[in-house]
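Accompanying notes for the structure given below.
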Amino acid sequence: MENYLNQNFHAVKSKHSSDEALQKWRSLCHVVKNPKRRFRFTANLSKRNEAAAMRRTNQEKLRIAVLYEVPDDVKEAGFDICADEAASLVEAHDLKKLKFHGGVESLAQKLNTSTTNGISVDNEGLARRQKVYGINKFAESPQRSFWVFVWEALHDMTLMILAMCAFVSLVVGIATEGWPKGAHDGLGIVASILLVVFVTATSDYRQSLQFRDLDKEKKKISIQVTRSGYRQKLSIYELLPGDIVHLSIGDQVPADGLFISGFAVSIDESSLTGESEPVMVSAENPWLMSGTKVQDGSCKMLVTTVGMRTQWGKLMATLSEGGDDETPLQVKLNGVATVIGKIGLFFAIVTFAVLVQQLLARKFSLGTQWSWSGDEALELLEYFAIAVTIVVVAVPEGLPLAVTLSLAFAMKKMMNDKALVRHLAACETMGSATTICSDKTGTLTTNKMTVVKSCICLNAMDVSKQGKPAIPDKALKILLQSIFTNTGGEVVNNKDGKLEILGTPTEAAILEFGLSLDGDFQSERQSSTVLRVEPFNSSKKRMGVVLKLPDGGVRAHCKGASEIVLAACSKVINADGEVVDLKDGSLTHLKSTIDQFAGEALRTLCLAYIDLDKSVSAETPIPSSGYTCIGIVGIKDPVRPGVKESVALCRSAGITVRMVTGDNINTAKAIAKECGILRDDGIAIEGPDFREKSLEELDELVPKIQVMARSSPLDKHTLVKYLRTTFGEVVAVTGDGTNDAPALHEADIGLAMGIAGTEVAKESADVIILDDNFSTIVTVAKWGRSVYVNIQKFVQFQLTVNIVALMVNFTSACLTGSTPLTAVQLLWVNMIMDTLGALALATEPPNDALMKRTPVGRHGNFINKVMWRNIFGQSLYQFIIIWLLQTKGKSFYGLYGHDSDLILNTLIFNSFVFCQLFNEVNSREMEKLNVLNGILENNVFVGVLSATVVFQVIIIEFLGTFASTSPLTLVQWYYSILTGFMSMPIAVILKMIPV
């Protein structure tokens, strides 16, 4: 079975499957009872093709300028441009039209806003603006009602055939035996069909509600906006035309708009146009399109168009209908269902043929082959219904849907555990993870940074204990200028009039240090003019700014990784505030200070400056050497509570944790040792050294790497690729920056940080860790393993029922000319096996024992030898029991009289059902002997089991007319339950057989 699945259903990957692969496996699924249900959660390839075509047309927009008049209703609302005109302006990239409207400033006035203070916040004004320009939300397909799921469940081909059988049975039965006696069999089948349909629809409807809730969480994005002069965080859904939005590296552009001001803005428009080359945005090319991403630089933008009027809105409306790719497990289980379906169809046809042949043989022996009574017609119909029902039971249509149910359940629970799963496949893939490549800052540490040590003017001190350092006035002025001008953060007044620091935790820590030195952010920023900005990026490990000073001079400030910036310095400010050459003694002192700070697990940054020629322009690159060192700061970022325990749990689970960081190697090693990542058998290496290794050296080195410091995004990507391809590892990678996107994309599971992560990182990730905590990643791994194991449990349970049902009906038909289980009874067994079984077993919560197993890895068999041992063992036991009941049951129970056959068949049915119920309990653990551990904590499992028992009692004791059963005595109930219970000690014996 596993070989067949690997040959025919292996092309679908956990990520980035081709359309050809997705289409191929569907074409292999010939035996499908209900395509509407079976393929509900598969990607809509035609809708994806529509989206691709839309991207292509986005490159070919016509750019036509037309005369424009302001509509009266827009004027009355206080605006001088309508929504459609503003939309066409940006969509067509029409500079002529922009000039016609007077440029960005004039357009802002027409939108009744200010490029500095934004729109004025008052409820009435916001409502008017919303009425004229719309809201920043995309049209979504309406939630499908419960009755739609009922309608889809009714499309099951076998249920349709059974419904026809029920109709014929009603007609013939009433015609021959009258009402109500002749209607019992037909009404029994109808009632069973309705029960199956409504239980199935209820399960599917609940799944759809869970996915809808998760979709809402995925779309929660915040952005920095200035309104009424205050900079604040707003949801992208609250944006309106006229808003002033602040964009920086990694942000997704939340609406269509125009560039106001900024530096070195590079935009990735591939999501909208398919073009991979970044586009430079400036005053000359001011177009910013919704859905694109800021690759570099920072800027302010004026929002002109929102929601469905943007090209991104139109594209998203199509893409949302395209759906997620199906997961490898769903595809594999579709393969299992197809194989078993073909076997079931074969046995159903043979069973029907045998039953008909024996009926005809009986009639030929009596010489009545040409005369048929109503009872004989009903008997023939019953044979056909049994054959169809065998197909219903044999084709495990619920297998791939059980994956979806388990994933939906896990995703909902993980949401409560601070992990948002963006792609279904990530959840199950995480269960196979063998390696986690984790960031340091914000993931292993708290990301709450403060400057605790400094070495300014060669004077090292503990700021947290000794307070404000004594710094000469001249040096202090340069230091504050460096802190407040060379930053991606801001110090602003909030609505309460208090100072508030905005920016990354690192920037906030340095700005707070500057404020503690009595610095004034606003006055420092206003005293000089920014000529050029080079934002921080992971390859350079530093950032810079070029300033025009009040006296006409030009100065560049540089800040970044201590050893890198210090290597670019040739001078230093000494303890007297004088600039002197950086001699060996001073250099040694600074390097030892960096090592000391790093050894104490502090993040170190070096601040430096250089005075430039006055002729320098905004286009001149910032120098790479000749700087004067102002000082070094040591920033404390404590390790998160529980990380050490989580790393130890990963190790016991066979998952290797590696730290990949851009920090100093000494800082990285100190944190890694504190977390339990770096051990005696591991290696810590720097990115530049890693890059220089040969392939032969990497083969030996990579498995031992536990820390990679001073790494670039390319180093991270290379490590991940090497682990995946050369060593066959299933790799999970964490990331938060724009430059982490390639590694997140390459990994089997990309984990983006929800707090510190950029929108680019989140878009490239499969899971968003909402609390940026490494312990949450371990929780995701635990849930992933739970999904994988739960589906294995369900497959084991369902295949056992399939095999027994087929064996019993086939052998009985061949040897006795009848089957002990009627169509109605088989439908009930099918519901126990399919829908209720999935609910009970596929929603089993994870336990710590899961993290003590070896991970499945990339090449693990899903249907393994342990499962086959349990399946065949239990199937054999159940078949023997039912065969003994068929042949020896009457004498054992002392059954005589005209109703003895009915009572015996009822006992067989009852024993068969209780075998399944106890086997369901056995399936909770495939290898462990104690299957009852934690059973009472799983309310779903207990509820399903209890409900099944209650309905079984009702069917036996009260629905005999419809279900072809007879009430049983207490002794007969006792033996039926005992027969089922005996499968538990059988399971213990089976688990002791080595495979």
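Each chain in the structure tokens gets a letter, A, B, ..., in the order shown, and its residues are numbered from 1; ligands are numbered from 1 in order too.
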
All residues 9 Å or closer to segment 687-698 of chain A, only C-alpha atoms, same chain fewer than 5 positions away omitted, as a list of chain:residue names: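 Using only C-alpha atoms, the neighbours found are A:Gly662, A:Pro703, A:Met708, A:Ala709, A:Arg710, A:Ser711, A:Ser712, A:Asp715, A:Lys716, A:Thr718, A:Tyr722.
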
Ala83 of chain A environment, 12 Å, only C-alpha atoms, sequence neighbours closer than 4 positions dropped, as a ChimeraX atom specification: /A:70-71,73-74,79,87-90,110-111,129-135,240-242,256,303-310

Selected residue, from A:Ser454, A:Asn809, A:Thr429, A:Ser624, that lies nearest to Pro855 of chain A when counting only C-alpha atoms: A:Thr429

Can you list every residue in segment 585-644 of chain A that DSSP puts in strand (DSSP E or B), as an mmCIF file with C-alpha atoms, in the first residue's frame?
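Final output, selection10.cif:
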data_model
loop_
_atom_site.group_PDB
_atom_site.id
_atom_site.type_symbol
_atom_site.label_atom_id
_atom_site.label_comp_id
_atom_site.auth_asym_id
_atom_site.auth_seq_id
_atom_site.Cartn_x
_atom_site.Cartn_y
_atom_site.Cartn_z
ATOM 1 C CA LEU A 602 24.750 41.659 25.863
ATOM 2 C CA ARG A 603 24.064 42.816 22.332
ATOM 3 C CA THR A 604 26.692 45.378 21.371
ATOM 4 C CA LEU A 605 26.435 48.290 18.943
ATOM 5 C CA CYS A 606 29.132 50.732 17.935
ATOM 6 C CA LEU A 607 28.347 54.399 17.104
ATOM 7 C CA ALA A 608 30.698 56.372 14.847
ATOM 8 C CA TYR A 609 30.781 59.478 12.627
ATOM 9 C CA ILE A 610 32.814 61.074 9.854
ATOM 10 C CA ASP A 611 32.890 64.690 8.637
ATOM 11 C CA LEU A 612 32.570 64.909 4.846
ATOM 12 C CA TYR A 627 35.148 56.945 10.911
ATOM 13 C CA THR A 628 35.656 58.267 14.413
ATOM 14 C CA CYS A 629 34.404 55.924 17.148
ATOM 15 C CA ILE A 630 32.046 57.662 19.584
ATOM 16 C CA GLY A 631 31.417 54.650 21.767
ATOM 17 C CA ILE A 632 29.898 51.224 22.296
ATOM 18 C CA VAL A 633 26.653 50.329 24.049
ATOM 19 C CA GLY A 634 25.747 46.962 25.578
ATOM 20 C CA ILE A 635 22.051 46.131 25.327
ATOM 21 C CA LYS A 636 20.484 43.554 27.618
ATOM 22 C CA VAL A 639 16.313 34.969 27.771
#

Two-atom distance - atom CA of Ile777 of chain A, atom CA of Gly754 of chain A (Å): 12.2 Å

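Considering the residues A:Ala183, A:Cys82, A:Leu678, A:Tyr230 and counting only C-alpha atoms, Val491 of chain A has its shortest atom-to-atom contact with A:Tyr230.
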
Spatial neighbours of segment 422-428 of chain A, 10 Å, only C-alpha atoms, chain gap at least 6 places, as a PyMOL selection string: chain A and resi 13-15+214-215+217-218+324-330+403-404+406-408+410-411+414+732+748-751+762-768+780-789+791

Selected residue, from A:Leu566, A:Leu170, A:Val702, A:Ala849, that lies nearest to Thr588 of chain A when counting only C-alpha atoms: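 The answer is A:Leu566, which sits nearest to Thr588 of chain A.
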
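Of note, atom CA of Thr758 of chain A and atom CA of His717 of chain A are spaced 17.8 Å apart.
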
Nearest candidate to Val660 of chain A (options A:Lys412, A:Lys614, A:Arg724, A:Lys440; using only C-alpha atoms):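 Of all the options, A:Lys440 lies closest to Val660 of chain A.
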